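For reference, run_17.pdb is printed below; it contains PDB, C-alpha atoms.
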```pdb
ATOM      1  CA  MET A   1      -1.322  30.602 -10.725
ATOM      2  CA  ASP A   2      -0.313  32.021  -7.332
ATOM      3  CA  GLU A   3       1.913  34.665  -8.925
ATOM      4  CA  GLU A   4      -0.899  35.733 -11.248
ATOM      5  CA  ILE A   5      -3.343  36.056  -8.340
ATOM      6  CA  GLU A   6      -0.801  38.045  -6.304
ATOM      7  CA  CYS A   7      -0.302  40.409  -9.261
ATOM      8  CA  ILE A   8      -4.053  40.976  -9.604
ATOM      9  CA  GLN A   9      -4.376  41.472  -5.859
ATOM     10  CA  ALA A  10      -1.645  44.136  -5.951
ATOM     11  CA  ILE A  11      -3.370  46.010  -8.790
ATOM     12  CA  TYR A  12      -6.888  45.780  -7.346
ATOM     13  CA  SER A  13      -6.042  46.424  -3.704
ATOM     14  CA  ASN A  14      -8.904  48.740  -2.622
ATOM     15  CA  ASP A  15     -11.351  47.417  -0.028
ATOM     16  CA  GLY A  16     -13.923  45.111  -1.584
ATOM     17  CA  GLU A  17     -12.334  45.286  -5.019
ATOM     18  CA  PHE A  18     -10.723  41.828  -5.089
ATOM     19  CA  GLY A  19     -11.090  38.636  -3.113
ATOM     20  CA  VAL A  20     -10.239  34.965  -3.274
ATOM     21  CA  MET A  21     -13.454  33.185  -2.374
ATOM     22  CA  SER A  22     -12.156  29.628  -2.073
ATOM     23  CA  GLU A  23      -8.743  28.112  -1.544
ATOM     24  CA  GLY A  24      -7.412  24.689  -2.326
ATOM     25  CA  GLU A  25      -7.093  22.930  -5.633
ATOM     26  CA  SER A  26      -9.641  25.110  -7.398
ATOM     27  CA  ARG A  27     -10.151  28.780  -6.605
ATOM     28  CA  GLU A  28     -12.856  31.334  -7.117
ATOM     29  CA  LEU A  29     -11.852  34.958  -7.579
ATOM     30  CA  LEU A  30     -14.255  37.872  -7.117
ATOM     31  CA  LEU A  31     -13.636  41.309  -8.613
ATOM     32  CA  ASN A  32     -15.789  44.392  -8.182
ATOM     33  CA  LEU A  33     -14.887  46.779 -10.984
ATOM     34  CA  GLN A  34     -16.260  50.223 -11.675
ATOM     35  CA  SER A  35     -15.861  53.024 -14.163
ATOM     36  CA  CYS A  36     -16.946  56.603 -13.548
ATOM     37  CA  ARG A  37     -17.451  58.983 -16.462
ATOM     38  CA  PRO A  38     -18.203  62.650 -15.769
ATOM     39  CA  ASN A  39     -21.201  64.169 -17.544
ATOM     40  CA  ASP A  40     -21.884  67.689 -18.720
ATOM     41  CA  GLY A  41     -22.071  68.874 -15.099
ATOM     42  CA  ALA A  42     -25.860  69.179 -15.062
ATOM     43  CA  THR A  43     -26.324  65.582 -13.983
ATOM     44  CA  ALA A  44     -24.447  63.130 -11.807
ATOM     45  CA  PRO A  45     -21.563  61.238 -13.413
ATOM     46  CA  ASP A  46     -22.277  57.880 -15.017
ATOM     47  CA  LEU A  47     -21.091  55.064 -12.795
ATOM     48  CA  TYR A  48     -20.849  51.562 -14.184
ATOM     49  CA  ARG A  49     -20.211  48.718 -11.732
ATOM     50  CA  CYS A  50     -19.589  45.109 -12.574
ATOM     51  CA  GLU A  51     -18.986  42.035 -10.446
ATOM     52  CA  CYS A  52     -16.923  39.301 -12.078
ATOM     53  CA  ARG A  53     -16.331  35.824 -10.693
ATOM     54  CA  PHE A  54     -13.659  33.581 -12.118
ATOM     55  CA  LYS A  55     -13.739  29.916 -11.074
ATOM     56  CA  LEU A  56     -10.321  28.469 -11.794
ATOM     57  CA  PRO A  57     -10.312  24.713 -12.380
ATOM     58  CA  VAL A  58      -7.472  22.489 -11.206
ATOM     59  CA  GLY A  59      -6.033  22.374 -14.747
ATOM     60  CA  TYR A  60      -5.943  26.169 -15.241
ATOM     61  CA  PRO A  61      -4.611  27.670 -17.584
ATOM     62  CA  ASN A  62      -5.056  24.663 -19.880
ATOM     63  CA  ASP A  63      -8.629  24.329 -18.626
ATOM     64  CA  LEU A  64     -10.554  27.567 -19.052
ATOM     65  CA  PRO A  65     -11.964  29.479 -16.091
ATOM     66  CA  THR A  66     -15.708  29.686 -15.613
ATOM     67  CA  VAL A  67     -16.757  33.324 -15.825
ATOM     68  CA  SER A  68     -19.811  34.901 -14.219
ATOM     69  CA  ILE A  69     -20.705  38.584 -14.720
ATOM     70  CA  HIS A  70     -23.279  40.624 -12.810
ATOM     71  CA  SER A  71     -24.160  44.312 -13.061
ATOM     72  CA  ASN A  72     -27.172  46.415 -12.154
ATOM     73  CA  GLU A  73     -26.079  49.272 -14.413
ATOM     74  CA  LEU A  74     -25.620  47.327 -17.657
ATOM     75  CA  HIS A  75     -28.228  45.854 -19.961
ATOM     76  CA  ARG A  76     -28.407  42.105 -20.286
ATOM     77  CA  GLN A  77     -27.309  42.503 -23.920
ATOM     78  CA  ASP A  78     -24.198  44.449 -22.828
ATOM     79  CA  ILE A  79     -23.328  41.731 -20.325
ATOM     80  CA  SER A  80     -23.941  39.018 -22.902
ATOM     81  CA  HIS A  81     -21.657  40.796 -25.384
ATOM     82  CA  LEU A  82     -18.942  41.151 -22.744
ATOM     83  CA  TYR A  83     -19.316  37.508 -21.712
ATOM     84  CA  LEU A  84     -18.919  36.291 -25.305
ATOM     85  CA  LYS A  85     -15.884  38.531 -25.724
ATOM     86  CA  LEU A  86     -14.273  37.044 -22.591
ATOM     87  CA  LYS A  87     -15.109  33.499 -23.673
ATOM     88  CA  SER A  88     -13.487  34.066 -27.063
ATOM     89  CA  MET A  89     -10.412  35.651 -25.473
ATOM     90  CA  SER A  90      -9.992  32.794 -23.023
ATOM     91  CA  GLU A  91     -10.160  30.264 -25.886
ATOM     92  CA  ASN A  92      -7.412  32.181 -27.713
ATOM     93  CA  LEU A  93      -5.270  32.426 -24.560
ATOM     94  CA  ARG A  94      -5.671  28.774 -23.521
ATOM     95  CA  GLY A  95      -2.473  27.425 -21.979
ATOM     96  CA  SER A  96      -1.144  30.776 -20.766
ATOM     97  CA  PRO A  97      -2.058  32.944 -17.767
ATOM     98  CA  MET A  98      -5.074  34.994 -18.865
ATOM     99  CA  LEU A  99      -6.823  36.422 -15.812
ATOM    100  CA  LEU A 100      -5.206  39.851 -15.948
ATOM    101  CA  GLU A 101      -6.042  40.201 -19.653
ATOM    102  CA  LEU A 102      -9.659  39.154 -19.053
ATOM    103  CA  ILE A 103      -9.992  41.607 -16.154
ATOM    104  CA  THR A 104      -8.428  44.398 -18.219
ATOM    105  CA  THR A 105     -10.936  43.663 -20.993
ATOM    106  CA  VAL A 106     -13.835  44.043 -18.533
ATOM    107  CA  LYS A 107     -12.390  47.309 -17.185
ATOM    108  CA  ASN A 108     -11.890  48.696 -20.715
ATOM    109  CA  TYR A 109     -15.418  47.635 -21.669
ATOM    110  CA  LEU A 110     -16.820  49.566 -18.700
ATOM    111  CA  ASP A 111     -14.691  52.597 -19.569
ATOM    112  CA  GLU A 112     -16.053  52.589 -23.128
ATOM    113  CA  MET A 113     -19.727  52.299 -22.100
ATOM    114  CA  LYS A 114     -21.951  55.089 -23.322
ATOM    115  CA  PRO A 115     -25.138  56.132 -21.528
ATOM    116  CA  ILE A 116     -28.407  55.385 -23.270
ATOM    117  CA  GLN A 117     -29.796  58.498 -24.893
ATOM    118  CA  GLY A 118     -32.664  59.934 -22.858
ATOM    119  CA  LYS A 119     -32.365  57.354 -20.078
ATOM    120  CA  SER A 120     -30.608  57.511 -16.767
ATOM    121  CA  LEU A 121     -28.687  54.600 -15.336
ATOM    122  CA  ASP A 122     -31.517  54.007 -12.889
ATOM    123  CA  SER A 123     -33.782  53.020 -15.768
ATOM    124  CA  ARG A 124     -31.316  50.474 -17.159
ATOM    125  CA  LYS A 125     -32.074  46.875 -16.411
ATOM    126  CA  GLY A 126     -29.294  44.922 -14.773
ATOM    127  CA  GLY A 127     -28.496  41.378 -15.623
ATOM    128  CA  GLU A 128     -26.270  38.446 -15.025
ATOM    129  CA  ILE A 129     -24.626  36.049 -17.415
ATOM    130  CA  SER A 130     -22.872  32.887 -16.407
ATOM    131  CA  GLN A 131     -21.716  29.725 -18.113
ATOM    132  CA  GLU A 132     -23.668  27.835 -15.499
ATOM    133  CA  ASN A 133     -26.809  29.852 -16.218
ATOM    134  CA  ASN A 134     -28.021  27.889 -19.247
ATOM    135  CA  SER A 135     -31.591  26.888 -18.499
ATOM    136  CA  LEU A 136     -34.912  26.186 -20.123
ATOM    137  CA  ALA A 137     -38.177  27.684 -18.931
ATOM    138  CA  LEU A 138     -41.534  26.174 -19.723
ATOM    139  CA  LEU A 139     -44.739  28.079 -19.206
ATOM    140  CA  ARG A 140     -47.925  26.099 -18.801
ATOM    141  CA  LEU A 141     -51.235  27.874 -19.187
ATOM    142  CA  ASP A 142     -54.141  25.996 -17.661
ATOM    143  CA  HIS A 143     -56.860  28.387 -18.690
ATOM    144  CA  MET A 144     -56.746  30.000 -22.130
ATOM    145  CA  ARG A 145     -59.588  31.857 -23.699
ATOM    146  CA  SER A 146     -57.678  33.298 -26.625
ATOM    147  CA  ARG A 147     -54.688  31.203 -27.617
ATOM    148  CA  LEU A 148     -53.299  33.807 -30.048
ATOM    149  CA  ARG A 149     -53.523  36.595 -27.463
ATOM    150  CA  TYR A 150     -51.620  34.518 -24.907
ATOM    151  CA  ILE A 151     -48.928  33.599 -27.423
ATOM    152  CA  LYS A 152     -48.534  37.242 -28.433
ATOM    153  CA  THR A 153     -48.209  38.282 -24.765
ATOM    154  CA  ILE A 154     -45.603  35.607 -24.060
ATOM    155  CA  GLU A 155     -43.596  36.585 -27.162
ATOM    156  CA  THR A 156     -43.711  40.232 -26.030
ATOM    157  CA  TRP A 157     -42.454  39.269 -22.564
ATOM    158  CA  ALA A 158     -39.667  37.158 -24.058
ATOM    159  CA  LYS A 159     -38.604  40.029 -26.304
ATOM    160  CA  GLN A 160     -38.588  42.500 -23.381
ATOM    161  CA  LEU A 161     -36.484  40.101 -21.311
ATOM    162  CA  SER A 162     -34.109  39.364 -24.225
ATOM    163  CA  LEU A 163     -34.986  35.668 -24.150
ATOM    164  CA  ARG A 164     -34.874  33.257 -27.060
ATOM    165  CA  THR A 165     -38.201  31.745 -28.026
TER     166      THR A 165
END
```

Represent the structure contained in this file as structure tokens.
Amino acid sequence: MDEEIECIQAIYSNDGEFGVMSEGESRELLLNLQSCRPNDGATAPDLYRCECRFKLPVGYPNDLPTVSIHSNELHRQDISHLYLKLKSMSENLRGSPMLLELITTVKNYLDEMKPIQGKSLDSRKGGEISQENNSLALLRLDHMRSRLRYIKTIETWAKQLSLRT
């Protein structure tokens, strides 16, 4: 594991690009990746940034790392897609060093991102996906005049926030 971390540290050596957050039996690695794609010249280039955290358990690589992804420039759906891709890759690579391949996948994903037609990056909604982020939300309405109207509003909110109902 130490050799793999040293290799990643050598590749991502710019300030703030890579860090080992905790030492000891289990480690947490933090990577700040970005991809810059020039535009037609009339507007600023598209810049996609992504923060990835990899929590390596004591049994790594036989035990899979916990992955957390955060980005203000990507949609929640993009992050979810990337997260599922990394989860699938890590399952396939179980038992062998996989961090560099997972990081390369994130970097390639950012490089392949296309801007939303008619929207700037500022209008994109950022999001975060994490294995530890599975939760259930319950909304209690004490005062309802029109039950159907409230349900419709809540379903609209859930759809806008890309939540399952």

Check your understanding: For Ile5 (chain A), which residue among A:Leu163, A:Arg27, A:Gln77, A:Cys50 is the nearest when counting all atoms listed in the file?
Key ->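 Under the stated criterion, the closest residue is A:Arg27.
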
Practice item. Quick one: everything within 7 Å of Ser35 (chain A), counting only C-alpha atoms, minus sequence neighbours fewer than 6 positions away in the same chain. Send it as a PyMOL selection string. Key: chain A and resi 47-49+110-111

Study note, to complete from the structure: Using all atoms listed in the file, the residue out of A:Glu3, A:Met21, A:Glu91, A:Asp78 with shortest distance to Lys55 (chain A) is A:Met21

Review point. Looking at A:Ser88, A:Asn32, A:Ser26, A:Asn14, which one is nearest to Gly59 (chain A), with distances taken over all atoms listed in the file?
Key: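 Comparing A:Ser88, A:Asn32, A:Ser26, A:Asn14 against Gly59 (chain A), the winner is A:Ser26.
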
Check your understanding: Skipping near chain neighbours, those fewer than 3 positions away, what residues fall within 12 Å of Tyr83 (chain A) using all atoms listed in the file, listed as a PyMOL selection string?
Key -> chain A and resi 50+52-54+66-70+76-80+86-90+102-103+105-106+109+127-131

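Separating CA of Leu161 (chain A) from CA of Lys107 (chain A) is a distance of 25.5 Å.
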
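Residue selection for this entry, given the PyMOL selection byres ((chain A and resi 62) around 8), comprises Gly59, Tyr60, Pro61, Asp63, Leu64, Arg94, Gly95 and Ser96 of chain A.
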
Practice item. Rounded to one decimal place, report the CA of Glu112 (chain A)-CA of Glu17 (chain A) distance in Å. Key: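 Atom-to-atom, CA of Glu112 (chain A) and CA of Glu17 (chain A) are spaced 19.9 Å apart.
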
Check your understanding: At what distance in Å, to one decimal, does CA of Leu100 (chain A) lie from CA of Ile8 (chain A)?
Key ->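 For CA of Ile8 (chain A) relative to CA of Leu100 (chain A), the distance reads 6.5 Å.
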
Around all of region 59-74 of chain A's listed atoms, make the axis-aligned box with 6 Å on each side and tell me centre and edge lengths in Å to one decimal, as JSON.
```
{"center_x": -15.9, "center_y": 35.8, "center_z": -16.0, "size_x": 34.6, "size_y": 38.9, "size_z": 19.7}
```

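Restricting the calculation to all atoms listed in the file, the smallest distance between Leu31 (chain A) and any of A:Glu6, A:Glu51, A:Glu155, A:Glu73 is found for A:Glu51.
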
Exercise for review: Between A:Leu148, A:Met1, A:Ala10, A:Val58, single out the one closest to Glu25 (chain A), counting only C-alpha atoms.
Suggested key: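 Smallest distance to Glu25 (chain A) is found for A:Val58.
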